[in-house]
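What follows is protein-v1.csv (CSV, C-alpha atoms and all ligand atoms).
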chain,number,residue,atom,x,y,z
A,3,MET,CA,127.7,97.1,60.6
A,4,LYS,CA,128.6,100.7,60.1
A,5,PHE,CA,132.1,102.2,59.3
A,6,PHE,CA,133.8,104.8,61.4
A,7,ILE,CA,137.3,106.1,60.7
A,8,ASP,CA,139.9,106.0,63.4
A,9,THR,CA,142.0,109.1,62.9
A,10,ALA,CA,142.3,112.8,63.9
A,11,ASN,CA,143.7,113.7,60.4
A,12,LEU,CA,141.4,116.0,58.5
A,13,GLU,CA,142.5,114.9,55.0
A,14,GLU,CA,141.9,111.2,55.9
A,15,ILE,CA,138.4,112.1,57.2
A,16,LYS,CA,137.5,114.0,54.1
A,17,GLU,CA,138.7,111.2,51.9
A,18,ALA,CA,136.7,108.6,53.8
A,19,LYS,CA,133.6,110.8,53.7
A,20,ALA,CA,133.9,111.3,49.9
A,21,MET,CA,133.8,107.5,49.6
A,22,GLY,CA,130.2,107.6,50.9
A,23,ILE,CA,130.7,105.0,53.5
A,24,LEU,CA,131.5,107.1,56.6
A,25,SER,CA,129.1,107.0,59.7
A,26,GLY,CA,131.5,108.5,62.3
A,27,VAL,CA,135.0,109.2,63.6
A,28,THR,CA,136.9,108.0,66.6
A,29,THR,CA,140.0,109.8,67.9
A,30,ASN,CA,142.3,109.1,70.8
A,31,PRO,CA,145.1,111.0,72.6
A,32,SER,CA,147.8,109.2,70.6
A,33,LEU,CA,146.1,110.0,67.2
A,34,VAL,CA,145.6,113.7,68.2
A,35,ALA,CA,149.2,114.0,69.4
A,36,LYS,CA,150.4,113.0,65.9
A,37,GLU,CA,148.6,115.9,64.4
A,38,ASN,CA,150.3,118.7,66.4
A,39,ILE,CA,147.2,120.8,66.5
A,40,SER,CA,144.8,122.3,69.1
A,41,PHE,CA,142.5,119.4,70.1
A,42,HIS,CA,139.3,121.6,70.4
A,43,ASP,CA,140.0,123.3,67.1
A,44,ARG,CA,140.5,120.0,65.4
A,45,LEU,CA,137.2,118.7,66.9
A,46,ARG,CA,135.5,121.8,65.5
A,47,GLU,CA,136.9,121.1,62.1
A,48,ILE,CA,135.9,117.4,62.2
A,49,THR,CA,132.4,118.0,63.4
A,50,ASP,CA,131.9,120.6,60.6
A,51,ILE,CA,132.6,117.8,58.1
A,52,VAL,CA,131.0,114.7,59.9
A,53,LYS,CA,127.6,115.1,61.4
A,54,ASP,CA,127.5,111.6,62.9
A,55,SER,CA,129.2,110.5,66.1
A,56,VAL,CA,132.7,112.0,66.7
A,57,SER,CA,134.5,110.4,69.7
A,58,ALA,CA,136.7,112.7,71.7
A,59,GLU,CA,138.7,111.2,74.6
A,60,VAL,CA,139.1,112.8,78.0
A,61,VAL,CA,142.7,112.7,79.5
A,62,SER,CA,141.8,113.2,83.2
A,63,LEU,CA,141.7,110.1,85.4
A,64,LYS,CA,139.4,111.4,88.3
A,65,ALA,CA,135.7,111.2,87.7
A,66,GLU,CA,135.0,114.9,88.6
A,67,GLU,CA,137.7,116.1,86.2
A,68,MET,CA,136.5,113.8,83.5
A,69,ILE,CA,133.0,115.1,83.9
A,70,GLU,CA,134.2,118.8,83.6
A,71,GLU,CA,136.5,117.9,80.6
A,72,GLY,CA,133.7,115.9,78.9
A,73,LYS,CA,131.1,118.7,79.4
A,74,GLU,CA,133.6,121.1,77.6
A,75,LEU,CA,134.1,118.6,74.8
A,76,ALA,CA,130.3,118.1,74.4
A,77,LYS,CA,129.8,121.9,74.0
A,78,ILE,CA,131.9,121.8,70.8
A,79,ALA,CA,129.1,120.2,68.8
A,80,PRO,CA,126.0,118.1,69.4
A,81,ASN,CA,127.5,115.1,67.7
A,82,ILE,CA,130.5,114.8,70.1
A,83,THR,CA,130.7,111.5,71.9
A,84,VAL,CA,132.8,111.7,75.0
A,85,LYS,CA,135.3,108.8,75.1
A,86,VAL,CA,136.1,107.6,78.6
A,87,PRO,CA,138.6,104.9,79.7
A,88,MET,CA,137.3,101.7,81.4
A,89,THR,CA,137.9,102.5,85.0
A,90,PRO,CA,135.6,102.9,88.1
A,91,ASP,CA,136.1,106.7,87.8
A,92,GLY,CA,135.4,106.4,84.0
A,93,LEU,CA,132.1,104.6,84.6
A,94,LYS,CA,131.1,107.1,87.3
A,95,ALA,CA,131.6,109.8,84.7
A,96,VAL,CA,129.6,107.7,82.1
A,97,LYS,CA,126.7,107.5,84.5
A,98,GLU,CA,126.7,111.3,84.9
A,99,PHE,CA,127.0,111.9,81.1
A,100,SER,CA,124.2,109.5,80.5
A,101,GLU,CA,121.9,111.5,82.9
A,102,LEU,CA,123.0,114.7,81.1
A,103,GLY,CA,122.1,113.2,77.7
A,104,ILE,CA,125.8,113.2,76.6
A,105,LYS,CA,126.8,110.2,74.5
A,106,THR,CA,129.7,108.1,75.6
A,107,ASN,CA,132.2,105.6,74.2
A,108,VAL,CA,133.9,103.5,76.9
A,109,THR,CA,137.4,102.7,75.5
A,110,LEU,CA,140.1,100.1,76.3
A,111,ILE,CA,137.7,97.2,76.7
A,112,PHE,CA,139.5,93.9,76.9
A,113,SER,CA,136.9,91.7,78.7
A,114,ALA,CA,133.2,90.9,78.5
A,115,ASN,CA,132.7,91.9,82.1
A,116,GLN,CA,134.2,95.3,81.4
A,117,ALA,CA,131.7,95.7,78.5
A,118,LEU,CA,128.8,94.6,80.7
A,119,LEU,CA,129.8,97.1,83.4
A,120,ALA,CA,130.1,99.9,80.9
A,121,ALA,CA,126.7,99.1,79.4
A,122,ARG,CA,125.1,99.1,82.8
A,123,ALA,CA,126.6,102.5,83.6
A,124,GLY,CA,124.8,103.8,80.5
A,125,ALA,CA,127.5,103.8,77.8
A,126,THR,CA,126.3,104.6,74.3
A,127,TYR,CA,129.2,102.6,72.9
A,128,VAL,CA,131.9,100.1,74.1
A,129,SER,CA,135.1,99.8,72.2
A,130,PRO,CA,136.8,96.3,72.5
A,131,PHE,CA,140.3,96.5,71.1
A,132,LEU,CA,140.8,93.5,68.7
A,133,GLY,CA,144.4,94.2,67.5
A,134,ARG,CA,145.9,94.8,70.9
A,135,LEU,CA,144.4,91.5,72.2
A,136,ASP,CA,145.7,89.6,69.1
A,137,ASP,CA,149.1,91.2,69.8
A,138,ILE,CA,149.3,89.4,73.1
A,139,GLY,CA,148.1,86.1,71.8
A,140,GLN,CA,144.5,86.4,72.8
A,141,ASP,CA,141.6,86.1,70.4
A,142,GLY,CA,140.1,89.6,70.0
A,143,MET,CA,137.2,88.3,67.9
A,144,ASP,CA,136.0,85.9,70.6
A,145,LEU,CA,135.5,89.0,72.8
A,146,ILE,CA,133.3,90.7,70.2
A,147,ALA,CA,131.2,87.6,69.8
A,148,THR,CA,130.8,87.2,73.6
A,149,ILE,CA,129.9,90.8,74.2
A,150,SER,CA,127.4,90.7,71.4
A,151,GLU,CA,125.8,87.5,72.8
A,152,ILE,CA,125.6,89.0,76.3
A,153,PHE,CA,124.1,92.3,75.1
A,154,ASP,CA,121.5,90.4,73.0
A,155,LEU,CA,120.7,88.0,75.9
A,156,HIS,CA,120.1,90.9,78.4
A,157,GLY,CA,118.5,93.4,76.0
A,158,LEU,CA,121.3,96.0,76.3
A,159,ASP,CA,121.2,98.6,73.6
A,160,THR,CA,124.8,99.8,74.0
A,161,GLU,CA,126.5,99.5,70.6
A,162,ILE,CA,129.8,97.6,70.1
A,163,ILE,CA,132.5,99.4,68.2
A,164,ALA,CA,135.2,97.0,67.0
A,165,ALA,CA,138.4,99.0,67.6
A,166,SER,CA,142.1,98.5,67.0
A,167,ILE,CA,141.4,97.0,63.6
A,168,ARG,CA,144.6,96.0,61.8
A,169,HIS,CA,143.4,94.2,58.5
A,170,PRO,CA,140.4,93.4,56.4
A,171,MET,CA,139.6,90.0,58.0
A,172,HIS,CA,139.1,91.9,61.3
A,173,VAL,CA,136.4,93.9,59.5
A,174,THR,CA,134.6,90.8,58.0
A,175,ASP,CA,134.8,88.9,61.3
A,176,ALA,CA,133.6,91.8,63.4
A,177,ALA,CA,130.5,92.1,61.2
A,178,LEU,CA,129.9,88.4,61.4
A,179,ASN,CA,130.3,88.4,65.2
A,180,GLY,CA,127.8,91.2,65.9
A,181,ALA,CA,129.8,94.4,66.1
A,182,HIS,CA,127.5,97.3,65.2
A,183,ILE,CA,130.4,99.5,64.1
A,184,ALA,CA,134.1,99.0,63.1
A,185,THR,CA,136.4,102.0,63.5
A,186,ILE,CA,139.1,101.6,60.9
A,187,PRO,CA,142.3,103.3,59.9
A,188,LEU,CA,142.2,104.8,56.4
A,189,LYS,CA,144.9,102.3,55.2
A,190,VAL,CA,142.6,99.4,56.0
A,191,ILE,CA,139.6,101.1,54.5
A,192,HIS,CA,141.6,101.3,51.2
A,193,GLN,CA,142.4,97.6,51.6
A,194,LEU,CA,138.7,96.7,51.9
A,195,PHE,CA,138.1,98.0,48.3
A,196,LYS,CA,140.7,95.9,46.7
A,197,HIS,CA,140.4,92.6,44.9
A,198,PRO,CA,142.8,91.5,42.1
A,199,LEU,CA,139.9,90.1,40.1
A,200,THR,CA,138.2,93.5,40.2
A,201,ASP,CA,141.3,95.2,38.9
A,202,GLN,CA,141.7,92.5,36.2
A,203,GLY,CA,138.1,92.7,35.3
A,204,ILE,CA,138.2,96.5,34.8
A,205,GLU,CA,141.3,96.2,32.7
A,206,LYS,CA,139.7,93.5,30.5
A,207,PHE,CA,136.4,95.4,30.0
A,208,LEU,CA,138.3,98.5,29.1
A,209,SER,CA,140.7,96.8,26.7
A,210,ASP,CA,137.7,95.0,25.0
A,211,TRP,CA,135.9,98.3,24.7
A,212,ASN,CA,138.9,100.1,23.2
A,213,ASN,CA,139.5,97.3,20.7
A,214,ARG,CA,135.8,97.0,19.6
A,215,ALA,CA,135.0,97.0,16.0
A,216,GLN,CA,134.1,100.6,15.2
A,217,GLN,CA,130.5,101.0,13.7
B,1,LIG,C1,139.6,103.2,69.1
B,1,LIG,O1,138.8,104.0,69.5
B,1,LIG,C2,141.1,103.4,69.2
B,1,LIG,O2,141.3,104.8,68.8
B,1,LIG,C3,141.9,102.6,68.2
B,1,LIG,O3,141.1,101.7,67.5
B,1,LIG,C4,143.1,102.0,68.8
B,1,LIG,O4,143.8,101.3,67.8
B,1,LIG,P1,145.3,100.8,68.0
B,1,LIG,O5,145.4,99.6,68.9
B,1,LIG,O6,145.8,100.5,66.6
B,1,LIG,O7,146.1,102.0,68.6
Can I see the file as structure tokens?
Amino acid sequence: MKFFIDTANLEEIKEAKAMGILSGVTTNPSLVAKENISFHDRLREITDIVKDSVSAEVVSLKAEEMIEEGKELAKIAPNITVKVPMTPDGLKAVKEFSELGIKTNVTLIFSANQALLAARAGATYVSPFLGRLDDIGQDGMDLIATISEIFDLHGLDTEIIAASIRHPMHVTDAALNGAHIATIPLKVIHQLFKHPLTDQGIEKFLSDWNNRAQQ
């Protein structure tokens, strides 16, 4: 499973890239709104830093408008992935983008049937939202497992991005259940590194080293 970062913040993206683990970026309108910047300018900055997939979401709801919007986004850089909501209009746009060779990420996936529809429309990625399902008392991880099984069974090459990740166990379980990618906020990426025994081990090694008998 690969790691994407879920943010539109440039400093966070640079920090995750410097860790050597970053394979892509996802943004959404809420994340972009927090930044108070021009969306296209920010995408230019992000795609200068990250050469793998950078998801940029359309805000239109009609297929024709999504297609125009997505074509403009795709002109920004070759690694832009157009993110489209899971609606009939969204999938109409996905079909068109797929014929034009533009990569797509179908977002706001909450059921296996939605994922299957998106894959059949030609989506490059589907994004099931784990945290938001957990928030309403449904098991987000079951959804990842089911989508993964269906895609394997039917030979679909659409990749699964585990989205709406809230804590480290989401990451482990998404990997175990067949997600190809997890898109993770920086705060959770930091948590993935941490283990108290690692900290204690470093402290002990350094204290033993500093107290060694001098030759
Ligand atoms: C994914 O592409 C979305 O941007 C994101 O994971 C949504 O997460 P949230 O439910 O924490 O807003």
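Close contacts of Gly157 of chain A, defined as residues with an atom at most 12 Å away when counting all atoms listed in the file, with chain neighbours fewer than 5 positions off set aside, comprise Leu118, Ala121, Arg122, Ile149, Ser150, Glu151 and Ile152 of chain A.
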Around ligand LIG 1 (chain B), which protein and nucleic acid residues have at least one atom no more than 12 Å from it, if we count all atoms listed in the file? List them as a JSON list (two decimals) with C-alpha atoms, in the frame of the given file.
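Contents of out08.json, as written:
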[["chain", "number", "residue", "atom", "x", "y", "z"],
["A", 6, "PHE", "CA", 133.80, 104.80, 61.40],
["A", 7, "ILE", "CA", 137.30, 106.10, 60.70],
["A", 8, "ASP", "CA", 139.90, 106.00, 63.40],
["A", 9, "THR", "CA", 142.00, 109.10, 62.90],
["A", 10, "ALA", "CA", 142.30, 112.80, 63.90],
["A", 26, "GLY", "CA", 131.50, 108.50, 62.30],
["A", 27, "VAL", "CA", 135.00, 109.20, 63.60],
["A", 28, "THR", "CA", 136.90, 108.00, 66.60],
["A", 29, "THR", "CA", 140.00, 109.80, 67.90],
["A", 30, "ASN", "CA", 142.30, 109.10, 70.80],
["A", 31, "PRO", "CA", 145.10, 111.00, 72.60],
["A", 32, "SER", "CA", 147.80, 109.20, 70.60],
["A", 33, "LEU", "CA", 146.10, 110.00, 67.20],
["A", 34, "VAL", "CA", 145.60, 113.70, 68.20],
["A", 56, "VAL", "CA", 132.70, 112.00, 66.70],
["A", 57, "SER", "CA", 134.50, 110.40, 69.70],
["A", 58, "ALA", "CA", 136.70, 112.70, 71.70],
["A", 59, "GLU", "CA", 138.70, 111.20, 74.60],
["A", 83, "THR", "CA", 130.70, 111.50, 71.90],
["A", 84, "VAL", "CA", 132.80, 111.70, 75.00],
["A", 85, "LYS", "CA", 135.30, 108.80, 75.10],
["A", 86, "VAL", "CA", 136.10, 107.60, 78.60],
["A", 87, "PRO", "CA", 138.60, 104.90, 79.70],
["A", 106, "THR", "CA", 129.70, 108.10, 75.60],
["A", 107, "ASN", "CA", 132.20, 105.60, 74.20],
["A", 108, "VAL", "CA", 133.90, 103.50, 76.90],
["A", 109, "THR", "CA", 137.40, 102.70, 75.50],
["A", 110, "LEU", "CA", 140.10, 100.10, 76.30],
["A", 111, "ILE", "CA", 137.70, 97.20, 76.70],
["A", 112, "PHE", "CA", 139.50, 93.90, 76.90],
["A", 127, "TYR", "CA", 129.20, 102.60, 72.90],
["A", 128, "VAL", "CA", 131.90, 100.10, 74.10],
["A", 129, "SER", "CA", 135.10, 99.80, 72.20],
["A", 130, "PRO", "CA", 136.80, 96.30, 72.50],
["A", 131, "PHE", "CA", 140.30, 96.50, 71.10],
["A", 132, "LEU", "CA", 140.80, 93.50, 68.70],
["A", 133, "GLY", "CA", 144.40, 94.20, 67.50],
["A", 134, "ARG", "CA", 145.90, 94.80, 70.90],
["A", 135, "LEU", "CA", 144.40, 91.50, 72.20],
["A", 136, "ASP", "CA", 145.70, 89.60, 69.10],
["A", 137, "ASP", "CA", 149.10, 91.20, 69.80],
["A", 138, "ILE", "CA", 149.30, 89.40, 73.10],
["A", 142, "GLY", "CA", 140.10, 89.60, 70.00],
["A", 162, "ILE", "CA", 129.80, 97.60, 70.10],
["A", 163, "ILE", "CA", 132.50, 99.40, 68.20],
["A", 164, "ALA", "CA", 135.20, 97.00, 67.00],
["A", 165, "ALA", "CA", 138.40, 99.00, 67.60],
["A", 166, "SER", "CA", 142.10, 98.50, 67.00],
["A", 167, "ILE", "CA", 141.40, 97.00, 63.60],
["A", 168, "ARG", "CA", 144.60, 96.00, 61.80],
["A", 169, "HIS", "CA", 143.40, 94.20, 58.50],
["A", 172, "HIS", "CA", 139.10, 91.90, 61.30],
["A", 183, "ILE", "CA", 130.40, 99.50, 64.10],
["A", 184, "ALA", "CA", 134.10, 99.00, 63.10],
["A", 185, "THR", "CA", 136.40, 102.00, 63.50],
["A", 186, "ILE", "CA", 139.10, 101.60, 60.90],
["A", 187, "PRO", "CA", 142.30, 103.30, 59.90],
["A", 188, "LEU", "CA", 142.20, 104.80, 56.40],
["A", 189, "LYS", "CA", 144.90, 102.30, 55.20],
["A", 190, "VAL", "CA", 142.60, 99.40, 56.00]]
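Atom CA of Phe195 of chain A sits 21.9 Å away from atom CA of Met143 of chain A.
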Pro90 of chain A environment, 12 Å, all atoms listed in the file, sequence neighbours closer than 3 positions dropped, as a ChimeraX atom specification | /A:63-65,68,86-87,93-97,108,116,119-120,123
Considering only C-alpha atoms, return as a ChimeraX atom specification whatever protein or nucleic-acid residues lie within 7 Å of segment 35-48 of chain A, sequence-local ones (same chain, fewer than 3 positions apart) excluded.
-> /A:11-12,31-32,51-52,78
Rank A:Leu102, A:His156, A:Thr49, A:Glu66 by their smallest atom-to-atom distance to Ile82 of chain A, using all atoms listed in the file, and report the top residue only.
->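 The closest residue to Ile82 of chain A is A:Thr49.
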Between A:Ser55, A:Ser62, A:Thr126, A:Asn212, which is the closest to Ala79 of chain A once you count all atoms listed in the file?
->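 Smallest distance to Ala79 of chain A is found for A:Ser55.
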Residue nearest His182 of chain A among A:Leu199, A:Lys19, A:Thr89, A:Lys4 (counting only C-alpha atoms) |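 Of the candidates, the smallest distance to His182 of chain A is held by A:Lys4.
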Pairwise distance for atom CA of Asp201 of chain A and atom CA of Ala176 of chain A, rounded to one decimal in Å | 25.9 Å
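Going from atom CA of Ser113 of chain A over to atom CA of Gly139 of chain A, you cover 14.3 Å.
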Counting only C-alpha atoms, the residue of A:Leu208, A:Ile69, A:Met3, A:Leu155 that sits nearest Leu24 of chain A |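 Under the stated criterion, the closest residue is A:Met3.
With distances restricted to only C-alpha atoms, A:Lys105 is the closest residue to Pro80 of chain A from A:Lys105, A:His192, A:Lys16, A:His197.
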